[in-house]
$ cat run.pdb   # PDB, C-alpha atoms and all ligand atoms
MODEL        1
ATOM      1  CA  MET A   1      84.327 182.517  80.337
ATOM      2  CA  PHE A   2      82.987 180.265  77.601
ATOM      3  CA  ASP A   3      85.842 177.795  78.076
ATOM      4  CA  THR A   4      85.221 177.714  81.851
ATOM      5  CA  ILE A   5      81.464 177.092  81.531
ATOM      6  CA  ALA A   6      81.938 174.573  78.727
ATOM      7  CA  ALA A   7      84.633 172.661  80.609
ATOM      8  CA  GLU A   8      82.599 172.536  83.838
ATOM      9  CA  SER A   9      79.409 171.534  82.020
ATOM     10  CA  GLN A  10      81.287 168.804  80.190
ATOM     11  CA  ARG A  11      82.928 167.653  83.430
ATOM     12  CA  GLN A  12      79.546 167.434  85.188
ATOM     13  CA  LEU A  13      78.031 165.575  82.228
ATOM     14  CA  ASN A  14      80.979 163.173  82.042
ATOM     15  CA  GLU A  15      80.446 162.278  85.714
ATOM     16  CA  THR A  16      77.143 160.679  84.720
ATOM     17  CA  PHE A  17      78.935 158.161  82.508
ATOM     18  CA  THR A  18      80.716 154.988  83.549
ATOM     19  CA  ALA A  19      84.495 155.021  83.923
ATOM     20  CA  PHE A  20      84.716 152.944  80.749
ATOM     21  CA  GLN A  21      82.751 155.554  78.771
ATOM     22  CA  ARG A  22      84.563 158.484  80.414
ATOM     23  CA  ASN A  23      87.904 157.136  79.206
ATOM     24  CA  ARG A  24      86.657 157.401  75.648
ATOM     25  CA  LEU A  25      85.298 160.957  75.890
ATOM     26  CA  PRO A  26      87.353 164.062  75.162
ATOM     27  CA  ARG A  27      88.842 165.652  78.286
ATOM     28  CA  TYR A  28      88.577 169.379  78.903
ATOM     29  CA  GLY A  29      90.374 169.480  82.239
ATOM     30  CA  GLN A  30      89.341 171.032  85.530
ATOM     31  CA  PRO A  31      88.193 174.615  84.947
ATOM     32  CA  ASP A  32      89.844 177.333  87.046
ATOM     33  CA  MET A  33      86.912 178.272  89.354
ATOM     34  CA  ASP A  34      85.540 177.519  92.812
ATOM     35  CA  SER A  35      82.033 176.386  91.882
ATOM     36  CA  ILE A  36      79.351 176.824  89.264
ATOM     37  CA  GLU A  37      75.826 175.778  90.146
ATOM     38  CA  ASN A  38      72.617 175.196  88.181
ATOM     39  CA  LEU A  39      74.543 174.645  85.028
ATOM     40  CA  SER A  40      72.636 172.981  82.186
ATOM     41  CA  VAL A  41      74.313 170.569  79.823
ATOM     42  CA  ALA A  42      76.414 172.316  77.212
ATOM     43  CA  ILE A  43      77.389 170.680  73.952
ATOM     44  CA  ILE A  44      80.902 171.636  72.913
ATOM     45  CA  VAL A  45      81.265 171.860  69.180
ATOM     46  CA  ASP A  46      84.884 171.683  68.169
ATOM     47  CA  GLN A  47      85.788 173.751  65.133
ATOM     48  CA  LYS A  48      88.898 171.805  64.252
ATOM     49  CA  ARG A  49      88.937 170.206  60.826
ATOM     50  CA  ILE A  50      87.833 166.612  60.990
ATOM     51  CA  GLY A  51      90.489 165.579  58.528
ATOM     52  CA  GLY A  52      89.629 164.134  55.216
ATOM     53  CA  ASN A  53      90.745 165.452  51.864
ATOM     54  CA  SER A  54      89.455 167.212  48.769
ATOM     55  CA  ARG A  55      87.082 164.291  48.194
ATOM     56  CA  SER A  56      85.548 164.471  51.677
ATOM     57  CA  THR A  57      81.991 165.697  52.059
ATOM     58  CA  VAL A  58      79.514 165.787  54.928
ATOM     59  CA  GLY A  59      78.178 162.555  53.460
ATOM     60  CA  THR A  60      81.509 160.733  53.383
ATOM     61  CA  ILE A  61      82.583 161.918  56.851
ATOM     62  CA  THR A  62      79.289 160.868  58.463
ATOM     63  CA  ASP A  63      79.105 157.581  56.477
ATOM     64  CA  LEU A  64      75.630 158.619  55.323
ATOM     65  CA  TYR A  65      76.982 158.595  51.789
ATOM     66  CA  ALA A  66      77.812 154.856  51.990
ATOM     67  CA  LEU A  67      74.274 154.093  53.159
ATOM     68  CA  LEU A  68      72.736 156.147  50.355
ATOM     69  CA  ARG A  69      74.902 154.376  47.791
ATOM     70  CA  LEU A  70      73.792 151.042  49.215
ATOM     71  CA  LEU A  71      70.154 152.103  49.033
ATOM     72  CA  PHE A  72      70.475 153.238  45.410
ATOM     73  CA  SER A  73      72.319 150.055  44.470
ATOM     74  CA  ARG A  74      69.484 147.925  45.881
ATOM     75  CA  VAL A  75      66.391 149.801  44.708
ATOM     76  CA  GLY A  76      67.686 151.962  41.837
ATOM     77  CA  ARG A  77      66.684 151.463  38.223
ATOM     78  CA  PRO A  78      68.462 150.191  36.257
ATOM     79  CA  TYR A  79      69.572 147.714  38.873
ATOM     80  CA  VAL A  80      73.364 147.667  39.133
ATOM     81  CA  GLY A  81      73.911 145.733  42.357
ATOM     82  CA  TYR A  82      77.209 147.387  43.267
ATOM     83  CA  SER A  83      77.114 150.439  45.465
ATOM     84  CA  ASN A  84      80.448 151.619  44.018
ATOM     85  CA  ALA A  85      78.621 152.432  40.797
ATOM     86  CA  PHE A  86      77.143 155.383  42.729
ATOM     87  CA  SER A  87      80.449 156.529  44.186
ATOM     88  CA  PHE A  88      82.092 159.697  42.950
ATOM     89  CA  ASN A  89      85.331 158.285  44.361
ATOM     90  CA  ASP A  90      85.193 155.132  42.239
ATOM     91  CA  PRO A  91      86.118 155.140  38.527
ATOM     92  CA  GLN A  92      82.846 153.241  37.863
ATOM     93  CA  GLY A  93      80.708 155.971  39.327
ATOM     94  CA  MET A  94      82.677 159.181  39.070
ATOM     95  CA  CYS A  95      81.790 161.981  36.695
ATOM     96  CA  PRO A  96      84.103 161.718  33.658
ATOM     97  CA  ASP A  97      84.346 165.522  33.377
ATOM     98  CA  CYS A  98      85.619 166.332  36.859
ATOM     99  CA  ASP A  99      86.744 162.891  38.106
ATOM    100  CA  GLY A 100      84.245 163.204  40.942
ATOM    101  CA  LEU A 101      85.665 166.426  42.401
ATOM    102  CA  GLY A 102      82.704 168.572  41.386
ATOM    103  CA  ARG A 103      84.903 171.129  39.663
ATOM    104  CA  ARG A 104      87.531 171.213  36.933
ATOM    105  CA  SER A 105      90.794 173.071  36.827
ATOM    106  CA  GLU A 106      92.198 173.965  33.458
ATOM    107  CA  VAL A 107      95.071 176.124  32.331
ATOM    108  CA  ASP A 108      94.074 178.973  30.007
ATOM    109  CA  ILE A 109      97.038 178.535  27.694
ATOM    110  CA  ASP A 110      96.548 181.955  26.087
ATOM    111  CA  LYS A 111      96.959 183.629  29.471
ATOM    112  CA  LEU A 112     100.235 181.777  29.897
ATOM    113  CA  ILE A 113     101.771 182.338  26.468
ATOM    114  CA  ASP A 114     101.852 185.156  23.934
ATOM    115  CA  ARG A 115     101.473 183.521  20.527
ATOM    116  CA  GLY A 116     102.651 186.733  18.822
ATOM    117  CA  LYS A 117     106.174 186.189  20.134
ATOM    118  CA  SER A 118     108.961 183.820  19.179
ATOM    119  CA  LEU A 119     110.879 181.738  21.677
ATOM    120  CA  ASN A 120     113.660 184.342  21.599
ATOM    121  CA  ASP A 121     111.108 187.079  22.439
ATOM    122  CA  GLY A 122     110.079 185.273  25.632
ATOM    123  CA  PRO A 123     106.523 184.131  24.860
ATOM    124  CA  ILE A 124     105.909 182.378  28.184
ATOM    125  CA  ARG A 125     104.470 184.792  30.776
ATOM    126  CA  HIS A 126     106.150 183.240  33.777
ATOM    127  CA  PRO A 127     109.352 184.605  35.308
ATOM    128  CA  ALA A 128     110.988 181.170  35.316
ATOM    129  CA  PHE A 129     110.761 181.142  31.513
ATOM    130  CA  ASN A 130     112.277 184.594  30.842
ATOM    131  CA  PRO A 131     114.811 184.566  27.977
ATOM    132  CA  GLY A 132     118.216 183.514  29.322
ATOM    133  CA  GLY A 133     116.669 181.720  32.307
ATOM    134  CA  TRP A 134     117.217 178.079  33.125
ATOM    135  CA  PHE A 135     113.819 176.828  31.920
ATOM    136  CA  TRP A 136     113.925 179.018  28.806
ATOM    137  CA  LYS A 137     117.330 177.542  27.913
ATOM    138  CA  LEU A 138     115.868 174.036  28.115
ATOM    139  CA  TYR A 139     113.547 174.923  25.228
ATOM    140  CA  ALA A 140     115.778 177.333  23.345
ATOM    141  CA  ASN A 141     118.786 174.992  23.335
ATOM    142  CA  SER A 142     116.792 171.808  22.690
ATOM    143  CA  GLY A 143     117.198 172.055  18.926
ATOM    144  CA  LEU A 144     113.499 171.199  18.568
ATOM    145  CA  PHE A 145     112.297 174.723  17.772
ATOM    146  CA  ASP A 146     113.002 177.577  15.406
ATOM    147  CA  ASN A 147     113.734 180.148  18.104
ATOM    148  CA  ASP A 148     112.866 183.083  15.826
ATOM    149  CA  LYS A 149     109.523 181.701  14.633
ATOM    150  CA  LYS A 150     106.412 183.275  16.203
ATOM    151  CA  LEU A 151     104.349 180.724  18.117
ATOM    152  CA  SER A 152     101.341 181.676  15.986
ATOM    153  CA  ASP A 153     103.252 180.515  12.896
ATOM    154  CA  TYR A 154     103.514 176.960  14.207
ATOM    155  CA  SER A 155     101.020 174.590  12.541
ATOM    156  CA  GLU A 156      98.426 172.541  14.443
ATOM    157  CA  GLN A 157     100.630 169.512  13.744
ATOM    158  CA  GLU A 158     103.676 171.237  15.266
ATOM    159  CA  TRP A 159     101.683 172.166  18.401
ATOM    160  CA  MET A 160     100.946 168.477  19.011
TER     161      MET A 160
HETATM  162 ZN    ZN B 201      81.523 166.396  37.360
ENDMDL
END

$ encode --input "run.pdb" --output "C-alpha cells" --more "lines below"
Ligand SMILES: [Zn+2]
Amino acid sequence: MFDTIAAESQRQLNETFTAFQRNRLPRYGQPDMDSIENLSVAIIVDQKRIGGNSRSTVGTITDLYALLRLLFSRVGRPYVGYSNAFSFNDPQGMCPDCDGLGRRSEVDIDKLIDRGKSLNDGPIRHPAFNPGGWFWKLYANSGLFDNDKKLSDYSEQEWM
C-alpha cells in the first residue's frame, strides 16, 4: 500500500514539472490501481546507501563540509588560507593519530601470540600458523629463529 500511494503521489507531483525536469527525476512507474483522489504530496525517502566510503560523512556527502572548511580558512585564527588545512581527508589537516578516520585499529599482539611458547610449540593463536602448517613452516624453516626458544626469551633487540 505504501508503494502504491508513494508512486501515485510522486507521479502526480512530477506532472507539475516540465518535461525537461521530469526526465531528471526518479521514476516510480504507474501504480497498480484505478484512481486515488485527494492525495497530498508525499516525499519518498530512499533508504539505499548513497555511496561514499569509510571517509564519507553527512558533511562530505552534502558538500556542507567543503563550505565549512572554506569558512574556517577565511575567518579562522591563525589564518591559514587553504581550506585543505581543515580537511580530515588531507594529510595537512588530518588527525595524526587516526589519519582522519575518527578511530584507530590496532592489533593486540598478546592476544595473537603466546610469549610463553617457542616456535615449535605453536605460539601464534591462528589456525594458519599451527605447527606443521604452511605459514608456520615459513618461519620455522627460515633459519632466522631458534625454534625451541620461548618468545619471552627473545630480547627487545631481537623483537625489532
Ligand atoms: Zn583522530

$ residues_near_ligand --input "run.pdb" --ligand "ligand ZN 201 (chain B)" --cutoff "6 Å" --atoms "all atoms listed in the file" --output "PyMOL selection string"
chain A and resi 95+97-98+100+102

$ resolve_selection --input "run.pdb" --expression "the PyMOL selection byres (((chain A and resi 136) around 12) and not hetatm)" --output "compact mmCIF listing (two decimals) with C-alpha atoms, in the coordinates of the input"
# COMPACT_ATOMS: atom_id res chain seq x y z
CA SER A 118 108.96 183.82 19.18
CA LEU A 119 110.88 181.74 21.68
CA ASN A 120 113.66 184.34 21.60
CA ASP A 121 111.11 187.08 22.44
CA GLY A 122 110.08 185.27 25.63
CA PRO A 123 106.52 184.13 24.86
CA ILE A 124 105.91 182.38 28.18
CA ARG A 125 104.47 184.79 30.78
CA HIS A 126 106.15 183.24 33.78
CA PRO A 127 109.35 184.60 35.31
CA ALA A 128 110.99 181.17 35.32
CA PHE A 129 110.76 181.14 31.51
CA ASN A 130 112.28 184.59 30.84
CA PRO A 131 114.81 184.57 27.98
CA GLY A 132 118.22 183.51 29.32
CA GLY A 133 116.67 181.72 32.31
CA TRP A 134 117.22 178.08 33.12
CA PHE A 135 113.82 176.83 31.92
CA LYS A 137 117.33 177.54 27.91
CA LEU A 138 115.87 174.04 28.12
CA TYR A 139 113.55 174.92 25.23
CA ALA A 140 115.78 177.33 23.34
CA ASN A 141 118.79 174.99 23.34
CA SER A 142 116.79 171.81 22.69
CA PHE A 145 112.30 174.72 17.77
CA ASN A 147 113.73 180.15 18.10

$ atom_distance --input "run.pdb" --atom1 "atom CA of A:Gln10" --atom2 "atom CA of A:Ala42"
6.7 Å

$ residues_around --input "run.pdb" --residues "stretch 54-57 of chain A" --least-positions-apart "4" --cutoff "8 Å" --atoms "only C-alpha atoms" --output "list in words"
Ile61, Asn89, Gly100 and Leu101 of chain A

$ atom_distance --input "run.pdb" --atom1 "atom CA of A:Ile36" --atom2 "atom CA of A:Asn23"
23.7 Å

$ closest_residue --input "run.pdb" --among "A:Asp34, A:Leu39, A:Gln92, A:Arg27" --to "A:Ser9" --atoms "all atoms listed in the file"
A:Leu39

$ closest_residue --input "run.pdb" --among "A:Gly51, A:Ser155, A:Pro26, A:Arg104" --to "A:Leu13" --atoms "all atoms listed in the file"
A:Pro26

$ residues_around --input "run.pdb" --residues "A:Gln12" --least-positions-apart "4" --cutoff "12 Å" --atoms "all atoms listed in the file" --output "list in words"
Ile5, Ala6, Ala7, Glu8, Thr16, Phe17, Arg22, Arg27, Tyr28, Gly29, Gln30, Pro31, Ser35, Ile36, Glu37, Asn38, Leu39, Ser40, Val41, Ala42 and Ile43 of chain A

$ closest_residue --input "run.pdb" --among "A:Phe20, A:Tyr154, A:Tyr82, A:Phe88" --to "A:Tyr65" --atoms "only C-alpha atoms"
A:Phe88

$ atom_distance --input "run.pdb" --atom1 "atom CA of A:Lys48" --atom2 "atom CA of A:Asp32"
23.5 Å

$ closest_residue --input "run.pdb" --among "A:Val58, A:Arg11, A:Ser83, A:Trp159" --to "A:Leu70" --atoms "all atoms listed in the file"
A:Ser83

$ decode --input "run.pdb" --residues "stretch 8-23 of chain A" --atoms "all heavy atoms" --output "JSON list (two decimals), in the first residue's frame"
[["chain", "number", "residue", "atom", "x", "y", "z"],
["A", 8, "GLU", "N", 1.94, 6.95, -6.70],
["A", 8, "GLU", "CA", 0.92, 7.82, -7.27],
["A", 8, "GLU", "C", 1.16, 9.27, -6.87],
["A", 8, "GLU", "O", 1.03, 10.18, -7.69],
["A", 8, "GLU", "CB", -0.49, 7.35, -6.85],
["A", 8, "GLU", "CG", -1.62, 8.23, -7.34],
["A", 8, "GLU", "CD", -1.72, 8.34, -8.87],
["A", 8, "GLU", "OE1", -1.03, 7.59, -9.58],
["A", 8, "GLU", "OE2", -2.48, 9.22, -9.34],
["A", 9, "SER", "N", 1.52, 9.51, -5.62],
["A", 9, "SER", "CA", 1.79, 10.86, -5.16],
["A", 9, "SER", "C", 2.95, 11.45, -5.94],
["A", 9, "SER", "O", 2.91, 12.60, -6.38],
["A", 9, "SER", "CB", 2.11, 10.84, -3.66],
["A", 9, "SER", "OG", 2.54, 12.12, -3.25],
["A", 10, "GLN", "N", 3.99, 10.65, -6.12],
["A", 10, "GLN", "CA", 5.15, 11.11, -6.87],
["A", 10, "GLN", "C", 4.78, 11.38, -8.33],
["A", 10, "GLN", "O", 5.20, 12.37, -8.91],
["A", 10, "GLN", "CB", 6.27, 10.06, -6.79],
["A", 10, "GLN", "CG", 7.61, 10.56, -7.26],
["A", 10, "GLN", "CD", 8.21, 11.58, -6.30],
["A", 10, "GLN", "OE1", 8.19, 11.37, -5.09],
["A", 10, "GLN", "NE2", 8.70, 12.68, -6.84],
["A", 11, "ARG", "N", 3.95, 10.51, -8.90],
["A", 11, "ARG", "CA", 3.53, 10.68, -10.29],
["A", 11, "ARG", "C", 2.74, 11.98, -10.45],
["A", 11, "ARG", "O", 2.99, 12.76, -11.38],
["A", 11, "ARG", "CB", 2.68, 9.49, -10.75],
["A", 11, "ARG", "CG", 2.42, 9.42, -12.24],
["A", 11, "ARG", "CD", 1.36, 8.38, -12.58],
["A", 11, "ARG", "NE", 0.05, 8.72, -12.03],
["A", 11, "ARG", "CZ", -0.76, 9.64, -12.53],
["A", 11, "ARG", "NH1", -0.40, 10.33, -13.59],
["A", 11, "ARG", "NH2", -1.94, 9.89, -11.97],
["A", 12, "GLN", "N", 1.81, 12.24, -9.50],
["A", 12, "GLN", "CA", 1.02, 13.47, -9.57],
["A", 12, "GLN", "C", 1.90, 14.70, -9.39],
["A", 12, "GLN", "O", 1.73, 15.71, -10.06],
["A", 12, "GLN", "CB", -0.09, 13.45, -8.50],
["A", 12, "GLN", "CG", -1.20, 12.47, -8.80],
["A", 12, "GLN", "CD", -2.28, 12.46, -7.71],
["A", 12, "GLN", "OE1", -2.32, 13.33, -6.85],
["A", 12, "GLN", "NE2", -3.14, 11.44, -7.76],
["A", 13, "LEU", "N", 2.87, 14.61, -8.47],
["A", 13, "LEU", "CA", 3.79, 15.74, -8.26],
["A", 13, "LEU", "C", 4.64, 15.97, -9.51],
["A", 13, "LEU", "O", 4.82, 17.11, -9.95],
["A", 13, "LEU", "CB", 4.68, 15.47, -7.05],
["A", 13, "LEU", "CG", 5.75, 16.53, -6.77],
["A", 13, "LEU", "CD1", 5.10, 17.86, -6.38],
["A", 13, "LEU", "CD2", 6.69, 16.06, -5.66],
["A", 14, "ASN", "N", 5.14, 14.88, -10.09],
["A", 14, "ASN", "CA", 6.00, 15.01, -11.27],
["A", 14, "ASN", "C", 5.27, 15.66, -12.44],
["A", 14, "ASN", "O", 5.90, 16.30, -13.28],
["A", 14, "ASN", "CB", 6.56, 13.64, -11.68],
["A", 14, "ASN", "CG", 7.63, 13.15, -10.71],
["A", 14, "ASN", "OD1", 7.95, 13.82, -9.73],
["A", 14, "ASN", "ND2", 8.16, 11.97, -10.98],
["A", 15, "GLU", "N", 3.93, 15.49, -12.50],
["A", 15, "GLU", "CA", 3.17, 16.09, -13.59],
["A", 15, "GLU", "C", 3.20, 17.62, -13.53],
["A", 15, "GLU", "O", 2.92, 18.27, -14.52],
["A", 15, "GLU", "CB", 1.70, 15.61, -13.55],
["A", 15, "GLU", "CG", 1.52, 14.23, -14.15],
["A", 15, "GLU", "CD", 0.05, 13.81, -14.15],
["A", 15, "GLU", "OE1", -0.79, 14.51, -13.57],
["A", 15, "GLU", "OE2", -0.22, 12.75, -14.74],
["A", 16, "THR", "N", 3.54, 18.17, -12.36],
["A", 16, "THR", "CA", 3.58, 19.62, -12.24],
["A", 16, "THR", "C", 4.89, 20.20, -12.78],
["A", 16, "THR", "O", 5.03, 21.40, -12.91],
["A", 16, "THR", "CB", 3.42, 20.07, -10.76],
["A", 16, "THR", "OG1", 4.58, 19.63, -10.02],
["A", 16, "THR", "CG2", 2.15, 19.51, -10.15],
["A", 17, "PHE", "N", 5.85, 19.32, -13.07],
["A", 17, "PHE", "CA", 7.14, 19.80, -13.56],
["A", 17, "PHE", "C", 7.16, 19.78, -15.09],
["A", 17, "PHE", "O", 6.34, 19.11, -15.74],
["A", 17, "PHE", "CB", 8.28, 18.91, -13.04],
["A", 17, "PHE", "CG", 8.44, 18.96, -11.56],
["A", 17, "PHE", "CD1", 8.28, 17.81, -10.80],
["A", 17, "PHE", "CD2", 8.76, 20.15, -10.91],
["A", 17, "PHE", "CE1", 8.44, 17.84, -9.42],
["A", 17, "PHE", "CE2", 8.91, 20.18, -9.53],
["A", 17, "PHE", "CZ", 8.75, 19.03, -8.79],
["A", 18, "THR", "N", 8.11, 20.50, -15.65],
["A", 18, "THR", "CA", 8.28, 20.50, -17.10],
["A", 18, "THR", "C", 8.84, 19.15, -17.54],
["A", 18, "THR", "O", 9.39, 18.40, -16.72],
["A", 18, "THR", "CB", 9.27, 21.59, -17.55],
["A", 18, "THR", "OG1", 10.56, 21.26, -17.03],
["A", 18, "THR", "CG2", 8.84, 22.97, -17.06],
["A", 19, "ALA", "N", 8.70, 18.85, -18.83],
["A", 19, "ALA", "CA", 9.23, 17.59, -19.35],
["A", 19, "ALA", "C", 10.73, 17.49, -19.10],
["A", 19, "ALA", "O", 11.25, 16.42, -18.77],
["A", 19, "ALA", "CB", 8.93, 17.46, -20.84],
["A", 20, "PHE", "N", 11.41, 18.63, -19.24],
["A", 20, "PHE", "CA", 12.86, 18.66, -19.01],
["A", 20, "PHE", "C", 13.19, 18.23, -17.58],
["A", 20, "PHE", "O", 14.07, 17.39, -17.34],
["A", 20, "PHE", "CB", 13.40, 20.08, -19.27],
["A", 20, "PHE", "CG", 14.86, 20.23, -19.00],
["A", 20, "PHE", "CD1", 15.80, 19.80, -19.95],
["A", 20, "PHE", "CD2", 15.32, 20.79, -17.83],
["A", 20, "PHE", "CE1", 17.15, 19.93, -19.71],
["A", 20, "PHE", "CE2", 16.67, 20.93, -17.57],
["A", 20, "PHE", "CZ", 17.59, 20.50, -18.52],
["A", 21, "GLN", "N", 12.44, 18.79, -16.61],
["A", 21, "GLN", "CA", 12.69, 18.44, -15.20],
["A", 21, "GLN", "C", 12.27, 17.00, -14.91],
["A", 21, "GLN", "O", 12.94, 16.29, -14.17],
["A", 21, "GLN", "CB", 11.92, 19.40, -14.29],
["A", 21, "GLN", "CG", 12.47, 20.81, -14.31],
["A", 21, "GLN", "CD", 11.54, 21.80, -13.64],
["A", 21, "GLN", "OE1", 10.33, 21.74, -13.83],
["A", 21, "GLN", "NE2", 12.12, 22.72, -12.87],
["A", 22, "ARG", "N", 11.13, 16.58, -15.52],
["A", 22, "ARG", "CA", 10.64, 15.22, -15.26],
["A", 22, "ARG", "C", 11.66, 14.16, -15.68],
["A", 22, "ARG", "O", 11.79, 13.13, -15.04],
["A", 22, "ARG", "CB", 9.32, 14.98, -16.02],
["A", 22, "ARG", "CG", 8.11, 15.09, -15.13],
["A", 22, "ARG", "CD", 6.85, 14.83, -15.88],
["A", 22, "ARG", "NE", 6.45, 16.10, -16.52],
["A", 22, "ARG", "CZ", 5.59, 16.21, -17.51],
["A", 22, "ARG", "NH1", 5.03, 15.15, -18.03],
["A", 22, "ARG", "NH2", 5.28, 17.38, -17.99],
["A", 23, "ASN", "N", 12.38, 14.45, -16.78],
["A", 23, "ASN", "CA", 13.37, 13.48, -17.25],
["A", 23, "ASN", "C", 14.52, 13.30, -16.28],
["A", 23, "ASN", "O", 15.25, 12.33, -16.36],
["A", 23, "ASN", "CB", 13.93, 13.92, -18.62],
["A", 23, "ASN", "CG", 13.00, 13.52, -19.73],
["A", 23, "ASN", "OD1", 12.22, 12.57, -19.59],
["A", 23, "ASN", "ND2", 13.05, 14.27, -20.82]]
